[in-house]
file coords.tsv (TSV, C-alpha atoms and all ligand atoms)
chain	number	residue	atom	x	y	z
A	169	MET	CA	12.12	-30.29	-7.82
A	170	THR	CA	15.85	-30.98	-7.98
A	171	ASP	CA	18.39	-30.73	-5.22
A	172	LYS	CA	21.32	-28.69	-6.49
A	173	SER	CA	24.04	-30.37	-4.54
A	174	THR	CA	26.51	-31.03	-7.34
A	175	GLY	CA	28.13	-28.87	-10.02
A	176	PRO	CA	29.59	-25.39	-9.71
A	177	VAL	CA	28.43	-23.17	-6.88
A	178	ILE	CA	26.45	-20.16	-8.07
A	179	THR	CA	25.75	-17.41	-5.57
A	180	ARG	CA	24.26	-13.95	-5.88
A	181	PHE	CA	24.17	-10.63	-4.12
A	182	ALA	CA	20.72	-9.07	-4.40
A	183	PRO	CA	20.67	-5.47	-3.14
A	184	SER	CA	17.78	-3.05	-3.54
A	185	PRO	CA	18.95	0.21	-5.14
A	186	THR	CA	17.11	2.30	-2.58
A	187	GLY	CA	20.17	3.59	-0.75
A	188	LEU	CA	23.92	3.32	-0.37
A	189	LEU	CA	25.46	0.00	0.62
A	190	HIS	CA	26.72	-0.08	4.18
A	191	LEU	CA	29.21	-2.40	5.83
A	192	GLY	CA	26.51	-5.01	6.42
A	193	HIS	CA	25.75	-5.24	2.71
A	194	GLY	CA	29.45	-5.39	1.95
A	195	TYR	CA	29.81	-8.32	4.32
A	196	SER	CA	26.93	-10.18	2.71
A	197	ALA	CA	28.32	-9.59	-0.78
A	198	LEU	CA	31.75	-10.76	0.29
A	199	ARG	CA	30.39	-13.95	1.83
A	200	ALA	CA	28.48	-14.76	-1.36
A	201	HIS	CA	31.48	-13.86	-3.51
A	202	ASP	CA	33.94	-15.91	-1.45
A	203	LEU	CA	31.73	-18.98	-1.38
A	204	ALA	CA	31.52	-19.01	-5.17
A	205	CYS	CA	35.20	-18.19	-5.68
A	206	ALA	CA	36.41	-20.86	-3.27
A	207	THR	CA	34.95	-23.50	-5.56
A	208	GLY	CA	35.57	-21.90	-8.96
A	209	GLY	CA	31.88	-21.06	-9.20
A	210	ARG	CA	30.05	-17.91	-10.25
A	211	PHE	CA	29.04	-14.83	-8.27
A	212	LEU	CA	26.07	-12.95	-9.73
A	213	LEU	CA	24.54	-9.56	-9.09
A	214	ARG	CA	20.80	-8.91	-9.05
A	215	PHE	CA	19.15	-5.58	-8.42
A	216	GLU	CA	15.95	-6.09	-6.45
A	217	ASP	CA	14.24	-3.01	-7.78
A	218	ILE	CA	10.55	-3.87	-7.81
A	219	ASP	CA	9.83	-1.10	-5.34
A	220	THR	CA	9.73	1.49	-8.09
A	221	GLY	CA	8.66	4.27	-5.72
A	222	ARG	CA	11.79	3.93	-3.57
A	223	VAL	CA	14.39	3.01	-6.16
A	224	ARG	CA	16.77	5.83	-7.24
A	225	ALA	CA	18.70	5.64	-10.52
A	226	GLU	CA	21.99	6.75	-8.96
A	227	TYR	CA	22.15	3.78	-6.61
A	228	TYR	CA	22.67	1.18	-9.36
A	229	ASP	CA	26.01	2.75	-10.26
A	230	ALA	CA	26.86	3.44	-6.63
A	231	ILE	CA	26.38	-0.23	-5.75
A	232	GLU	CA	28.53	-1.39	-8.65
A	233	THR	CA	31.24	1.11	-7.68
A	234	ASP	CA	31.23	-0.13	-4.08
A	235	LEU	CA	31.44	-3.79	-5.07
A	236	ARG	CA	34.31	-3.14	-7.48
A	237	TRP	CA	36.08	-1.11	-4.81
A	238	LEU	CA	35.87	-4.09	-2.46
A	239	GLY	CA	37.21	-6.31	-5.23
A	240	LEU	CA	33.95	-8.26	-5.51
A	241	ASP	CA	33.54	-8.53	-9.26
A	242	TRP	CA	30.46	-10.35	-10.48
A	243	ASP	CA	29.95	-12.58	-13.50
A	244	GLY	CA	27.88	-11.45	-16.46
A	245	GLU	CA	25.34	-8.65	-16.67
A	246	PRO	CA	23.48	-7.81	-13.47
A	247	MET	CA	19.84	-8.85	-13.51
A	248	ARG	CA	17.23	-6.18	-12.82
A	249	GLN	CA	13.93	-7.34	-11.36
A	250	SER	CA	12.21	-4.37	-12.95
A	251	ASP	CA	12.91	-6.06	-16.34
A	252	ARG	CA	11.25	-9.26	-15.25
A	253	PHE	CA	7.64	-8.44	-14.53
A	254	ASP	CA	6.49	-10.81	-17.29
A	255	ALA	CA	8.28	-13.73	-15.66
A	256	TYR	CA	6.65	-12.90	-12.33
A	257	ARG	CA	3.24	-12.63	-13.99
A	258	ASP	CA	3.72	-16.10	-15.49
A	259	ALA	CA	4.64	-17.59	-12.13
A	260	PHE	CA	1.74	-15.82	-10.48
A	261	GLU	CA	-0.68	-17.10	-13.14
A	262	ARG	CA	0.45	-20.64	-12.40
A	263	LEU	CA	-0.43	-20.19	-8.74
A	264	LYS	CA	-3.71	-18.58	-9.69
A	265	ALA	CA	-4.54	-21.49	-11.97
A	266	GLN	CA	-4.02	-23.76	-8.95
A	267	GLU	CA	-6.52	-21.56	-7.05
A	268	LEU	CA	-3.94	-20.81	-4.38
A	269	VAL	CA	-4.28	-17.02	-4.37
A	270	TYR	CA	-7.05	-14.54	-3.69
A	271	PRO	CA	-7.35	-10.80	-4.22
A	272	CYS	CA	-7.01	-8.55	-1.18
A	273	PHE	CA	-8.59	-5.10	-1.24
A	274	CYS	CA	-7.60	-4.07	2.27
A	275	THR	CA	-5.53	-1.00	2.99
A	276	ARG	CA	-2.81	-1.14	5.64
A	277	LYS	CA	-5.05	0.96	7.84
A	278	GLU	CA	-7.97	-1.44	7.53
A	279	ILE	CA	-5.75	-4.40	8.35
A	280	ALA	CA	-4.33	-2.61	11.40
A	281	ALA	CA	-7.83	-1.73	12.60
A	282	GLU	CA	-9.06	-5.28	12.19
A	283	ILE	CA	-6.07	-6.64	14.10
A	284	ALA	CA	-6.50	-4.06	16.87
A	285	ALA	CA	-10.15	-5.05	17.24
A	286	SER	CA	-9.38	-8.73	17.53
A	287	ALA	CA	-8.83	-10.22	20.97
A	288	SER	CA	-6.08	-12.63	19.93
A	289	ALA	CA	-4.50	-11.74	16.61
A	290	PRO	CA	-2.04	-14.49	15.63
A	291	HIS	CA	1.54	-13.30	15.09
A	292	GLY	CA	4.22	-14.52	12.70
A	293	PRO	CA	7.92	-13.71	12.40
A	294	ASP	CA	7.13	-10.29	10.89
A	295	GLY	CA	4.30	-9.28	13.22
A	296	PRO	CA	0.55	-9.87	13.24
A	297	LEU	CA	-0.75	-12.09	10.45
A	298	TYR	CA	-3.21	-10.88	7.84
A	299	PRO	CA	-6.65	-11.68	9.30
A	300	ARG	CA	-7.87	-13.21	6.01
A	301	THR	CA	-10.61	-10.63	5.69
A	302	CYS	CA	-10.75	-10.86	1.90
A	303	GLN	CA	-10.53	-14.61	1.88
A	304	ALA	CA	-14.04	-14.62	3.36
A	305	LEU	CA	-15.62	-12.51	0.59
A	306	SER	CA	-18.38	-14.07	-1.45
A	307	ASP	CA	-17.54	-14.88	-5.08
A	308	ALA	CA	-19.98	-12.21	-6.22
A	309	GLU	CA	-18.47	-9.47	-4.08
A	310	ARG	CA	-14.96	-10.48	-5.08
A	311	GLU	CA	-15.81	-10.35	-8.79
A	312	GLU	CA	-17.45	-6.98	-8.43
A	313	ARG	CA	-14.63	-5.40	-6.48
A	314	LEU	CA	-11.96	-6.91	-8.76
A	315	VAL	CA	-13.03	-4.71	-11.65
A	316	SER	CA	-13.20	-1.48	-9.69
A	317	GLU	CA	-10.81	-1.54	-6.73
A	318	PRO	CA	-7.03	-1.69	-6.41
A	319	HIS	CA	-5.99	-5.04	-5.05
A	320	ALA	CA	-3.03	-7.14	-4.06
A	321	TRP	CA	-3.01	-10.94	-4.30
A	322	ARG	CA	-2.32	-13.12	-1.30
A	323	ILE	CA	-1.51	-16.80	-1.06
A	324	ASP	CA	-4.14	-18.91	0.66
A	325	MET	CA	-1.49	-20.37	2.94
A	326	ALA	CA	-3.60	-23.08	4.56
A	327	LYS	CA	-4.70	-24.35	1.17
A	328	ALA	CA	-1.22	-24.13	-0.34
A	329	VAL	CA	0.35	-25.98	2.56
A	330	SER	CA	-2.29	-28.70	2.33
A	331	THR	CA	-1.44	-29.35	-1.33
A	332	VAL	CA	2.22	-30.16	-0.63
A	333	GLY	CA	3.71	-32.75	1.69
A	334	GLU	CA	6.29	-31.99	4.35
A	335	LEU	CA	8.99	-29.78	2.86
A	336	HIS	CA	12.59	-29.45	3.90
A	337	TRP	CA	15.43	-27.09	3.14
A	338	ARG	CA	19.09	-27.07	4.07
A	339	ASP	CA	20.81	-24.33	5.97
A	340	ALA	CA	24.61	-24.39	6.10
A	341	ASP	CA	24.70	-23.82	9.86
A	342	GLU	CA	21.41	-25.29	11.03
A	343	GLY	CA	21.32	-28.34	8.77
A	344	ASP	CA	18.06	-29.88	7.61
A	345	ILE	CA	15.07	-27.66	8.35
A	346	VAL	CA	11.40	-28.63	8.12
A	347	ALA	CA	9.61	-25.80	6.32
A	348	THR	CA	6.85	-24.07	8.30
A	349	PRO	CA	5.55	-21.46	5.85
A	350	GLU	CA	2.18	-21.42	7.64
A	351	VAL	CA	3.64	-19.26	10.41
A	352	HIS	CA	3.71	-16.37	7.91
A	353	GLY	CA	0.00	-16.49	7.11
A	354	ASP	CA	-1.38	-15.29	3.80
A	355	VAL	CA	1.59	-13.28	2.51
A	356	VAL	CA	1.27	-11.01	-0.51
A	357	LEU	CA	2.52	-12.51	-3.78
A	358	ALA	CA	1.52	-9.63	-6.06
A	359	ARG	CA	1.36	-6.12	-4.67
A	360	LYS	CA	-1.18	-3.48	-5.57
A	361	ASP	CA	1.43	-1.48	-7.49
A	362	VAL	CA	3.57	-4.21	-9.09
A	363	PRO	CA	2.74	-7.72	-10.32
A	364	THR	CA	4.96	-9.45	-7.77
A	365	SER	CA	6.32	-9.25	-4.25
A	366	TYR	CA	9.72	-9.89	-2.73
A	367	HIS	CA	8.87	-13.55	-2.02
A	368	LEU	CA	7.68	-14.40	-5.50
A	369	ALA	CA	10.41	-12.49	-7.35
A	370	VAL	CA	13.21	-13.98	-5.31
A	371	VAL	CA	12.29	-17.61	-6.00
A	372	VAL	CA	11.64	-17.01	-9.69
A	373	ASP	CA	14.96	-15.23	-10.07
A	374	ASP	CA	17.08	-17.59	-8.01
A	375	ALA	CA	15.84	-20.31	-10.36
A	376	GLU	CA	16.37	-18.21	-13.49
A	377	GLN	CA	19.92	-17.34	-12.46
A	378	GLY	CA	20.68	-20.97	-11.55
A	379	VAL	CA	21.59	-19.99	-8.00
A	380	THR	CA	22.74	-23.09	-6.11
A	381	ASP	CA	23.57	-21.36	-2.83
A	382	VAL	CA	21.68	-18.41	-1.40
A	383	VAL	CA	23.92	-16.39	0.91
A	384	ARG	CA	22.09	-13.71	2.88
A	385	GLY	CA	21.58	-12.34	6.37
A	386	MET	CA	19.89	-14.10	9.28
A	387	ASP	CA	17.09	-11.55	9.01
A	388	LEU	CA	15.81	-13.51	6.01
A	389	PHE	CA	15.98	-16.94	7.63
A	390	ALA	CA	12.25	-16.98	8.36
A	391	ALA	CA	11.38	-15.90	4.80
A	392	THR	CA	13.07	-19.05	3.49
A	393	HIS	CA	10.10	-21.11	4.69
A	394	VAL	CA	7.86	-19.20	2.29
A	395	HIS	CA	10.44	-19.47	-0.49
A	396	ARG	CA	10.63	-23.23	-0.06
A	397	LEU	CA	6.86	-23.52	-0.41
A	398	LEU	CA	6.82	-21.38	-3.55
A	399	GLN	CA	9.62	-23.43	-5.07
A	400	GLN	CA	7.53	-26.53	-4.52
A	401	LEU	CA	4.36	-25.03	-5.96
A	402	LEU	CA	6.21	-23.68	-9.01
A	403	ASP	CA	8.40	-26.76	-9.46
A	404	LEU	CA	11.63	-24.79	-9.08
A	405	PRO	CA	15.02	-26.05	-7.89
A	406	VAL	CA	15.81	-25.70	-4.20
A	407	PRO	CA	19.13	-23.97	-3.46
A	408	HIS	CA	21.13	-24.47	-0.31
A	409	TYR	CA	20.92	-21.60	2.16
A	410	HIS	CA	23.61	-19.82	4.12
A	411	HIS	CA	22.17	-17.29	6.56
A	412	HIS	CA	25.03	-15.33	8.00
A	413	ARG	CA	25.20	-13.21	11.13
A	414	LEU	CA	24.26	-9.56	10.79
A	415	ILE	CA	26.94	-6.92	11.09
A	416	THR	CA	26.13	-4.66	14.01
A	417	ASP	CA	27.41	-1.33	15.28
A	418	GLY	CA	29.31	-0.86	18.54
A	419	ALA	CA	26.01	-0.90	20.47
A	420	GLY	CA	24.99	-4.21	18.90
A	421	LYS	CA	22.37	-2.56	16.70
A	422	ARG	CA	22.14	-3.78	13.13
A	423	LEU	CA	23.09	-1.32	10.42
A	424	ALA	CA	20.32	0.28	8.39
A	425	LYS	CA	20.26	1.92	4.97
A	426	ARG	CA	19.79	5.33	6.55
A	427	ASP	CA	23.01	4.69	8.49
A	428	ASN	CA	25.04	6.54	5.88
A	429	ALA	CA	27.83	7.07	8.38
A	430	ARG	CA	28.82	3.47	7.79
A	431	SER	CA	28.19	3.41	4.06
A	432	LEU	CA	30.98	1.96	1.96
A	433	ALA	CA	31.08	5.24	0.01
A	434	ALA	CA	31.65	7.25	3.20
A	435	MET	CA	34.41	4.85	4.22
A	436	ARG	CA	36.06	5.17	0.82
A	437	ASP	CA	35.80	8.96	0.83
A	438	ALA	CA	37.38	9.05	4.28
A	439	GLY	CA	40.37	7.08	3.01
A	440	VAL	CA	39.58	3.72	4.64
A	441	SER	CA	41.17	0.93	2.61
A	442	ALA	CA	39.02	-1.72	0.97
A	443	ALA	CA	41.63	-4.30	1.93
A	444	ALA	CA	41.20	-3.43	5.61
A	445	ILE	CA	37.43	-3.79	5.35
A	446	CYS	CA	37.67	-7.13	3.57
A	447	ALA	CA	40.19	-8.37	6.11
A	448	ALA	CA	37.84	-7.39	8.94
A	449	PHE	CA	34.97	-9.20	7.19
A	450	ARG	CA	37.09	-12.29	6.71
A	451	SER	CA	38.18	-12.47	10.35
A	452	ASP	CA	36.22	-14.92	12.47
A	453	PRO	CA	34.02	-13.52	13.88
A	454	PRO	CA	33.90	-10.52	11.53
A	455	ASP	CA	34.86	-7.40	13.43
A	456	ILE	CA	34.11	-3.94	12.11
A	457	SER	CA	34.78	-2.10	15.37
A	458	GLU	CA	37.75	-0.24	13.89
A	459	PHE	CA	35.46	1.39	11.30
A	460	GLU	CA	33.85	4.16	13.28
A	461	PRO	CA	30.92	6.03	11.71
A	462	ILE	CA	32.21	8.82	9.44
A	463	ASP	CA	30.96	12.28	10.53
B	501	LIG	N1	16.98	-7.55	-1.56
B	501	LIG	C1	17.16	-8.07	-0.24
B	501	LIG	C2	17.89	-7.06	0.61
B	501	LIG	O1	18.46	-6.12	0.08
B	501	LIG	C3	17.96	-9.35	-0.24
B	501	LIG	C4	17.11	-10.47	-0.64
B	501	LIG	C5	17.73	-11.84	-0.64
B	501	LIG	O2	18.97	-11.96	-0.55
B	501	LIG	O3	17.00	-12.80	-0.78
B	501	LIG	O4	17.89	-7.20	1.81
call {"tool": "encode", "arguments": {"input": "coords.tsv", "output": "structure tokens"}}
result
Amino acid sequence: MTDKSTGPVITRFAPSPTGLLHLGHGYSALRAHDLACATGGRFLLRFEDIDTGRVRAEYYDAIETDLRWLGLDWDGEPMRQSDRFDAYRDAFERLKAQELVYPCFCTRKEIAAEIAASASAPHGPDGPLYPRTCQALSDAEREERLVSEPHAWRIDMAKAVSTVGELHWRDADEGDIVATPEVHGDVVLARKDVPTSYHLAVVVDDAEQGVTDVVRGMDLFAATHVHRLLQQLLDLPVPHYHHHRLITDGAGKRLAKRDNARSLAAMRDAGVSAAAICAAFRSDPPDISEFEPID
């Protein structure tokens, strides 16, 4: 593990090509871009496209068009996570060799039923925790079901946490943070349909791209605890983190992908200037109130 506190700043913007970028994405990209540019560093683009069922081909170009329109040019070729399944498999195999993962055969429905039936289901930042049903399977049952049933792989969080000492990470606003990945429970590291998950792919790729500073929304603050653990288990560098405020609409509600009325493309088509948007993003606090949804 190395602490990347010296050398050029390398940031990335990591959108999923499952919809148009809205003002919130634009703000995140600009923050990452500006942090790198302020120090003569590099700003990278990574398409987080592991969710092959939801990805649409047209959104790769649309995202690039929006970023260029905002003047946020990136360095080098964008990375595509869909090209990197072998790298994720390698990382996963390392965790498997450490006996830190177990197969999970449960469907969402089964998990929901189990949680509903339990008197006190523990909750994490993203809702009820996985009740570890498949962790309790006998070796024989597990082996038998492995060959015949679709399965995801989950981290055995208690075991993983017990193999590492106290972990820390640094947030630009909050300072030194003690990692508490255990509050997330046994998260999925390899999904049933693809050989990775968001958590695993993001740490493998931040390391591969040499990212020194992860700039992303506050909504991913809690996920950083899991990322820090995975970095430790996989012996990957630990970037600094910058979790910025989320851009909200007039009612204080955060923008969503389906909120096409505030997509950058809709703004552009309606004649809004990119310079005005960037200026609004760069004001402190950022203020998008002048950009009404486009009908
Ligand atoms: N792909 C994630 C998103 O679009 C961002 C992940 C990250 O920055 O770590 O919200």
call {"tool": "atom_distance", "arguments": {"input": "coords.tsv", "atom1": "atom CA of Ile445 of chain A", "atom2": "atom CA of Ser457 of chain A"}}
result
10.5 Å
call {"tool": "residues_near_ligand", "arguments": {"input": "coords.tsv", "ligand": "ligand LIG 501 (chain B)", "cutoff": "9 Å", "atoms": "all atoms listed in the file", "output": "ChimeraX atom specification"}}
result
/A:180-186,193,196,214-217,366-367,370-371,374,382-385,387-388,391-392
call {"tool": "closest_residue", "arguments": {"input": "coords.tsv", "among": "A:Gly221, A:Pro299, A:Gly378, A:Pro363", "to": "Asp258 of chain A", "atoms": "only C-alpha atoms"}}
result
A:Pro363
call {"tool": "closest_residue", "arguments": {"input": "coords.tsv", "among": "A:Cys446, A:Ala390, A:Val177, A:Ala285", "to": "Leu240 of chain A", "atoms": "all atoms listed in the file"}}
result
A:Cys446
call {"tool": "closest_atom_pairs", "arguments": {"input": "coords.tsv", "of": "segment 251-314 of chain A", "to": "segment 338-362 of chain A", "cutoff": "7 Å", "atoms": "all atoms listed in the file", "output": "CSV"}}
result
residue,atom,partner,partner_atom,distance
A:Gly292,CA,A:His352,CA,5.2
A:Pro293,CA,A:His352,CA,6.7
A:Leu297,CA,A:Gly353,CA,5.6
A:Tyr298,CA,A:Asp354,CA,6.3
call {"tool": "residues_near_point", "arguments": {"input": "coords.tsv", "point": "(30.4, -4.1, -2.7)", "cutoff": "8 Å", "atoms": "only C-alpha atoms", "output": "JSON, numbers by chain"}}
result
{"A": [189, 193, 194, 197, 198, 231, 232, 233, 234, 235, 236, 237, 238, 239, 240, 432]}
call {"tool": "closest_residue", "arguments": {"input": "coords.tsv", "among": "A:Ala442, A:Val223, A:Ala259, A:Leu188", "to": "Ala369 of chain A", "atoms": "all atoms listed in the file"}}
result
A:Ala259
call {"tool": "atom_distance", "arguments": {"input": "coords.tsv", "atom1": "atom CA of Arg313 of chain A", "atom2": "atom CA of Cys272 of chain A"}}
result
9.8 Å
call {"tool": "atom_distance", "arguments": {"input": "coords.tsv", "atom1": "atom CA of Ala308 of chain A", "atom2": "atom CA of Leu397 of chain A"}}
result
29.7 Å
call {"tool": "closest_residue", "arguments": {"input": "coords.tsv", "among": "A:His395, A:Arg199, A:Arg300, A:Arg257", "to": "Pro454 of chain A", "atoms": "all atoms listed in the file"}}
result
A:Arg199
call {"tool": "closest_residue", "arguments": {"input": "coords.tsv", "among": "A:Ser316, A:Ser365, A:Thr380, A:Gln400", "to": "Phe253 of chain A", "atoms": "all atoms listed in the file"}}
result
A:Ser365
call {"tool": "residues_near_point", "arguments": {"input": "coords.tsv", "point": "(15.6, -27.0, 1.6)", "cutoff": "7 Å", "atoms": "only C-alpha atoms", "output": "PyMOL selection string"}}
result
chain A and resi 336-338+345+396+406-408
call {"tool": "closest_residue", "arguments": {"input": "coords.tsv", "among": "A:Ala375, A:Ile279, A:Met435, A:Ala448", "to": "Tyr256 of chain A", "atoms": "all atoms listed in the file"}}
result
A:Ala375
call {"tool": "axis_aligned_box", "arguments": {"input": "coords.tsv", "around": "segment 447-459 of chain A", "padding_each_side": "8 Å", "output": "lines of an AutoDock Vina configuration file"}}
result
center_x = 37.0
center_y = -6.8
center_z = 10.7
size_x = 22.3
size_y = 32.3
size_z = 25.3
